[in-house]
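Dropping final.txt in here (compact mmCIF, C-alpha atoms and all ligand atoms):
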# COMPACT_ATOMS: atom_id res chain seq x y z
CA MET A 208 90.55 89.28 51.68
CA GLY A 209 88.46 86.21 52.32
CA THR A 210 89.33 86.22 55.99
CA GLU A 211 87.33 89.39 56.68
CA LYS A 212 84.25 88.83 58.77
CA THR A 213 81.39 91.12 59.69
CA ILE A 214 81.01 91.41 63.43
CA THR A 215 78.61 93.34 65.61
CA LEU A 216 80.03 95.17 68.58
CA ARG A 217 77.85 96.62 71.32
CA ILE A 218 79.50 99.94 72.09
CA ASN A 219 78.09 102.35 74.66
CA GLY A 220 74.71 100.69 74.38
CA CYS A 221 74.48 100.69 70.57
CA ASP A 222 75.19 97.90 68.09
CA GLU A 223 77.76 98.74 65.41
CA THR A 224 79.09 96.50 62.67
CA ALA A 225 82.61 96.27 61.33
CA GLU A 226 84.45 94.17 58.76
CA VAL A 227 87.46 92.75 60.54
CA PRO A 228 90.26 90.34 59.70
CA PRO A 229 91.24 87.87 62.45
CA HIS A 230 94.15 89.98 63.69
CA ARG A 231 92.24 93.31 64.00
CA THR A 232 92.51 94.60 67.56
CA LEU A 233 89.56 96.03 69.43
CA LEU A 234 91.49 99.33 69.60
CA GLU A 235 91.77 99.47 65.81
CA ALA A 236 88.14 98.48 65.36
CA LEU A 237 86.85 101.07 67.83
CA ARG A 238 88.88 103.91 66.38
CA GLY A 239 87.92 102.79 62.87
CA LEU A 240 84.29 103.17 63.92
CA GLY A 241 85.00 106.73 65.10
CA HIS A 242 85.46 106.07 68.82
CA VAL A 243 88.58 108.20 69.01
CA ASP A 244 88.02 108.76 72.73
CA VAL A 245 89.85 105.42 72.94
CA LYS A 246 93.47 106.48 72.70
CA CYS A 247 96.26 104.70 70.88
CA GLY A 248 99.55 104.78 72.76
CA CYS A 249 102.05 101.96 72.86
CA GLU A 250 99.88 99.25 71.23
CA LYS A 251 101.58 96.64 73.41
CA GLY A 252 99.91 96.78 76.79
CA ASP A 253 102.28 99.16 78.53
CA CYS A 254 100.45 102.49 78.78
CA GLY A 255 96.74 101.86 79.41
CA ALA A 256 95.67 104.72 77.13
CA CYS A 257 93.47 102.34 75.14
CA ALA A 258 91.52 100.96 78.11
CA VAL A 259 87.82 100.25 77.70
CA LEU A 260 85.35 98.36 79.84
CA VAL A 261 84.37 94.95 78.51
CA ASP A 262 81.51 93.58 80.57
CA GLY A 263 82.51 96.05 83.27
CA GLU A 264 86.19 95.09 83.45
CA ALA A 265 88.93 97.39 82.21
CA VAL A 266 90.96 95.80 79.42
CA ASP A 267 93.67 97.11 77.14
CA SER A 268 91.89 97.20 73.80
CA CYS A 269 95.23 97.00 71.98
CA LEU A 270 95.69 93.51 73.42
CA THR A 271 92.13 92.38 72.73
CA LEU A 272 91.04 90.97 69.39
CA ALA A 273 87.96 92.67 68.00
CA ARG A 274 86.28 89.37 67.25
CA SER A 275 86.61 88.28 70.89
CA ALA A 276 84.53 91.27 71.99
CA GLU A 277 81.49 90.31 69.94
CA GLY A 278 78.42 89.86 72.13
CA ARG A 279 79.96 91.72 75.05
CA GLU A 280 79.21 95.15 76.49
CA ILE A 281 81.93 97.60 75.52
CA THR A 282 82.07 100.96 77.26
CA THR A 283 84.40 103.76 76.26
CA LEU A 284 84.93 107.06 78.05
CA GLN A 285 82.08 108.64 76.12
CA GLY A 286 79.77 105.89 77.34
CA LEU A 287 80.26 106.96 80.96
CA GLY A 288 78.87 110.46 80.70
CA THR A 289 78.32 113.50 78.53
CA PRO A 290 79.43 117.12 78.87
CA GLU A 291 75.87 117.90 80.01
CA ALA A 292 75.71 114.99 82.45
CA PRO A 293 79.28 113.99 83.28
CA HIS A 294 80.18 110.92 85.30
CA PRO A 295 81.62 111.86 88.73
CA LEU A 296 85.07 110.77 87.56
CA GLN A 297 84.85 113.02 84.52
CA GLN A 298 83.63 115.87 86.72
CA SER A 299 86.36 115.50 89.30
CA PHE A 300 89.17 115.10 86.74
CA ALA A 301 88.06 118.40 85.20
CA GLU A 302 87.50 120.24 88.48
CA LEU A 303 90.69 119.10 90.19
CA GLY A 304 93.04 119.57 87.26
CA ALA A 305 93.83 115.87 86.88
CA ALA A 306 94.44 116.20 83.15
CA GLN A 307 97.09 118.22 81.38
CA CYS A 308 97.55 117.02 77.78
CA GLY A 309 94.66 114.63 78.47
CA TYR A 310 95.97 111.74 76.41
CA CYS A 311 96.01 109.32 79.33
CA THR A 312 92.71 110.54 80.77
CA PRO A 313 90.27 108.17 79.02
CA GLY A 314 92.27 105.15 80.16
CA MET A 315 92.72 106.55 83.66
CA ILE A 316 88.99 107.10 84.06
CA ILE A 317 88.08 103.71 82.61
CA ALA A 318 90.55 101.94 84.92
CA SER A 319 89.24 103.95 87.88
CA GLU A 320 85.64 103.12 87.05
CA SER A 321 86.52 99.44 86.85
CA LEU A 322 88.15 99.66 90.29
CA LEU A 323 85.29 101.59 91.92
CA ARG A 324 82.70 99.09 90.70
CA LYS A 325 84.54 96.39 92.63
CA ASN A 326 85.87 98.50 95.47
CA PRO A 327 83.91 101.72 96.14
CA ALA A 328 86.26 102.83 98.92
CA PRO A 329 89.79 101.98 97.83
CA SER A 330 92.77 102.84 99.98
CA ASP A 331 95.43 105.02 98.38
CA ASP A 332 97.61 101.95 97.92
CA GLU A 333 94.78 100.01 96.27
CA LEU A 334 94.20 102.94 93.93
CA ARG A 335 97.88 103.16 93.00
CA ILE A 336 97.97 99.43 92.27
CA ALA A 337 94.79 99.63 90.18
CA LEU A 338 96.21 102.48 88.09
CA SER A 339 99.72 101.03 87.86
CA GLY A 340 99.06 99.97 84.26
CA ASN A 341 98.14 103.51 83.22
CA LEU A 342 100.98 105.86 82.40
CA CYS A 343 100.83 109.65 82.54
CA ARG A 344 103.77 111.73 81.39
CA CYS A 345 102.33 115.07 82.53
CA THR A 346 100.63 115.22 85.90
CA GLY A 347 102.86 113.42 88.37
CA TYR A 348 99.77 111.35 89.30
CA VAL A 349 98.93 113.22 92.54
CA LYS A 350 96.02 115.13 91.01
CA ILE A 351 94.75 111.95 89.36
CA PHE A 352 94.68 110.07 92.67
CA GLU A 353 92.95 113.03 94.34
CA ALA A 354 90.35 113.18 91.58
CA VAL A 355 89.55 109.47 91.80
CA GLN A 356 89.16 109.60 95.57
CA ALA A 357 86.93 112.69 95.27
CA ALA A 358 84.75 110.96 92.69
CA ALA A 359 84.61 107.80 94.80
CA ALA A 360 83.31 109.84 97.73
CA VAL A 361 80.60 111.37 95.54
CA MET A 362 79.65 107.96 94.14
CA ARG A 363 79.39 106.47 97.62
CA GLN A 364 77.03 109.27 98.62
CA THR A 365 74.85 109.06 95.54
CA GLY A 366 75.13 105.31 94.94
CA GLU A 367 75.89 106.23 91.34
CA THR A 368 76.63 103.59 88.74
CA ILE A 369 76.22 103.78 85.00
S1 LIG A 401 97.88 101.48 73.61
FE1 LIG A 401 97.10 99.77 74.70
S2 LIG A 401 98.28 99.67 76.51
FE2 LIG A 401 99.21 101.28 75.34
S1 LIG A 402 97.75 114.27 81.21
FE1 LIG A 402 99.26 114.05 79.64
S2 LIG A 402 99.77 111.93 79.66
FE2 LIG A 402 98.48 112.22 81.38

Please rewrite the model in this file as structure tokens.
Amino acid sequence: MGTEKTITLRINGCDETAEVPPHRTLLEALRGLGHVDVKCGCEKGDCGACAVLVDGEAVDSCLTLARSAEGREITTLQGLGTPEAPHPLQQSFAELGAAQCGYCTPGMIIASESLLRKNPAPSDDELRIALSGNLCRCTGYVKIFEAVQAAAAVMRQTGETI
């Protein structure tokens, strides 16, 4: 259709192009480009599974138009760390058993990273509020909160940022 437009998205430090109509969400565009670490849950802003960082802030990519993300830094879970060099949040989620089915995990870690960039030493209440837009049907949340606080402690010691 004539309304398609080629856009360039900067994803995890690399430029990628996509043909998108005006209504294409960032979630659809990212997954269409193969970034399936960005999970598709409710597609209406309720679950947080689709969260990515846009210029360092966690956003629900299902509520963000792809075209609006052009020229901005997009970071998905895979942009935070690798299996060989995991981000402290990735490490602690794995070590402390904070993932069961794992579907919510990318969004949980992205939302946590967004919080820790602004607030490196959140209280438990601040953490719960920050993750209140991220739903998990498996873990009961306790392990997730423990993992984020453990990672925050490591990051405070090492001064780690991406
Ligand atoms: S898929 Fe975006 S908030 Fe649920
Ligand atoms: S680990 Fe299954 S939804 Fe959170």

_Neighbourhood of ligand LIG 402 (chain A) at 6 Å, counting only C-alpha atoms and all ligand atoms, reported as number ranges by chain_ = A: 306-311, 343-346

Closest pair table for chain A residues within 8 Å of ligand LIG 401 (chain A), only C-alpha atoms and all ligand atoms, as a Markdown table:
| residue | atom | partner | partner_atom | distance |
| --- | --- | --- | --- | --- |
| A:Leu234 | CA | A:LIG401 | FE1 | 7.6 |
| A:Lys246 | CA | A:LIG401 | S1 | 6.7 |
| A:Cys247 | CA | A:LIG401 | S1 | 4.5 |
| A:Gly248 | CA | A:LIG401 | S1 | 3.8 |
| A:Cys249 | CA | A:LIG401 | FE2 | 3.8 |
| A:Glu250 | CA | A:LIG401 | S1 | 3.8 |
| A:Lys251 | CA | A:LIG401 | S2 | 5.4 |
| A:Gly252 | CA | A:LIG401 | S2 | 3.3 |
| A:Asp253 | CA | A:LIG401 | S2 | 4.5 |
| A:Cys254 | CA | A:LIG401 | FE2 | 3.9 |
| A:Gly255 | CA | A:LIG401 | S2 | 3.9 |
| A:Ala256 | CA | A:LIG401 | FE2 | 5.3 |
| A:Cys257 | CA | A:LIG401 | FE1 | 4.5 |
| A:Ala258 | CA | A:LIG401 | FE1 | 6.6 |
| A:Asp267 | CA | A:LIG401 | FE1 | 5.0 |
| A:Ser268 | CA | A:LIG401 | FE1 | 5.9 |
| A:Cys269 | CA | A:LIG401 | FE1 | 4.3 |
| A:Leu270 | CA | A:LIG401 | FE1 | 6.5 |
| A:Gly340 | CA | A:LIG401 | S2 | 7.8 |
| A:Asn341 | CA | A:LIG401 | S2 | 7.7 |

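With distances restricted to all atoms listed in the file, A:Ile316 is the closest residue to Asp244 in chain A from A:Ala354, A:Leu322, A:Ile316, A:Ala265.
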
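Here CA of Pro295 in chain A and CA of Leu233 in chain A stand 26.2 Å from one another.
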
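As for CA of Leu240 in chain A and CA of Ala225 in chain A, they are spaced 7.6 Å apart.
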
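Here CA of Glu291 in chain A stands at a distance of 23.5 Å from CA of Arg238 in chain A.
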
So for range 223-240 of chain A, what box centre and size do we get, axis-aligned, 8 Å extra on each of the six sides, every listed atom, Å to one decimal, as JSON?
{"center_x": 86.0, "center_y": 95.9, "center_z": 64.2, "size_x": 32.4, "size_y": 32.0, "size_z": 26.8}

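Between His230 in chain A and the residues A:Glu211, A:Asp332, A:Glu280, A:Glu320, the shortest atom-to-atom distance, using only C-alpha atoms, involves A:Glu211.
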
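Minimum atom-to-atom distance to Leu272 in chain A, evaluated using all atoms listed in the file, belongs to A:Ile214 out of A:Ile317, A:Ile214, A:Leu287, A:Cys221.
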
*Residues around (90.9, 89.4, 58.4), cut-off 6 Å, counting all atoms listed in the file - what are they as a PyMOL selection string?*
chain A and resi 210-211+227-229

*asked:* I want to know what sits within 6 Å of range 282-286 of chain A, based on all atoms listed in the file, with residues of the same chain fewer than 3 positions away left out; could you give that as an MDAnalysis selection string?
replied: chainID A and resid 218:219 259:260 313

*Which residue, A:Arg217, A:Ala301, A:Gly347, A:Val266, has the smallest gap to Gly314 in chain A when you use all atoms listed in the file?*
A:Val266

Need the neighbours of (86.0, 103.8, 99.4): which residues are at most 9 Å away, counting only C-alpha atoms, as an mmCIF file with C-alpha atoms, in the frame of the given file?
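For reference, out-v5.cif as written:
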data_model
loop_
_atom_site.group_PDB
_atom_site.id
_atom_site.type_symbol
_atom_site.label_atom_id
_atom_site.label_comp_id
_atom_site.auth_asym_id
_atom_site.auth_seq_id
_atom_site.Cartn_x
_atom_site.Cartn_y
_atom_site.Cartn_z
ATOM 1 C CA LEU A 323 85.290 101.590 91.920
ATOM 2 C CA ASN A 326 85.870 98.500 95.470
ATOM 3 C CA PRO A 327 83.910 101.720 96.140
ATOM 4 C CA ALA A 328 86.260 102.830 98.920
ATOM 5 C CA PRO A 329 89.790 101.980 97.830
ATOM 6 C CA SER A 330 92.770 102.840 99.980
ATOM 7 C CA GLN A 356 89.160 109.600 95.570
ATOM 8 C CA ALA A 359 84.610 107.800 94.800
ATOM 9 C CA ALA A 360 83.310 109.840 97.730
ATOM 10 C CA ARG A 363 79.390 106.470 97.620
#

*For each of A:Gly220, A:Arg274, A:Thr365, A:Val355, take the minimum atom-to-atom distance to Gln297 in chain A, counting all atoms listed in the file, then give the residue where this is smallest.*
A:Val355

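With distances taken over all atoms listed in the file, A:Asp262 is the one residue among A:Asp262, A:Glu367, A:Glu235, A:Glu353 lying closest to Glu277 in chain A.
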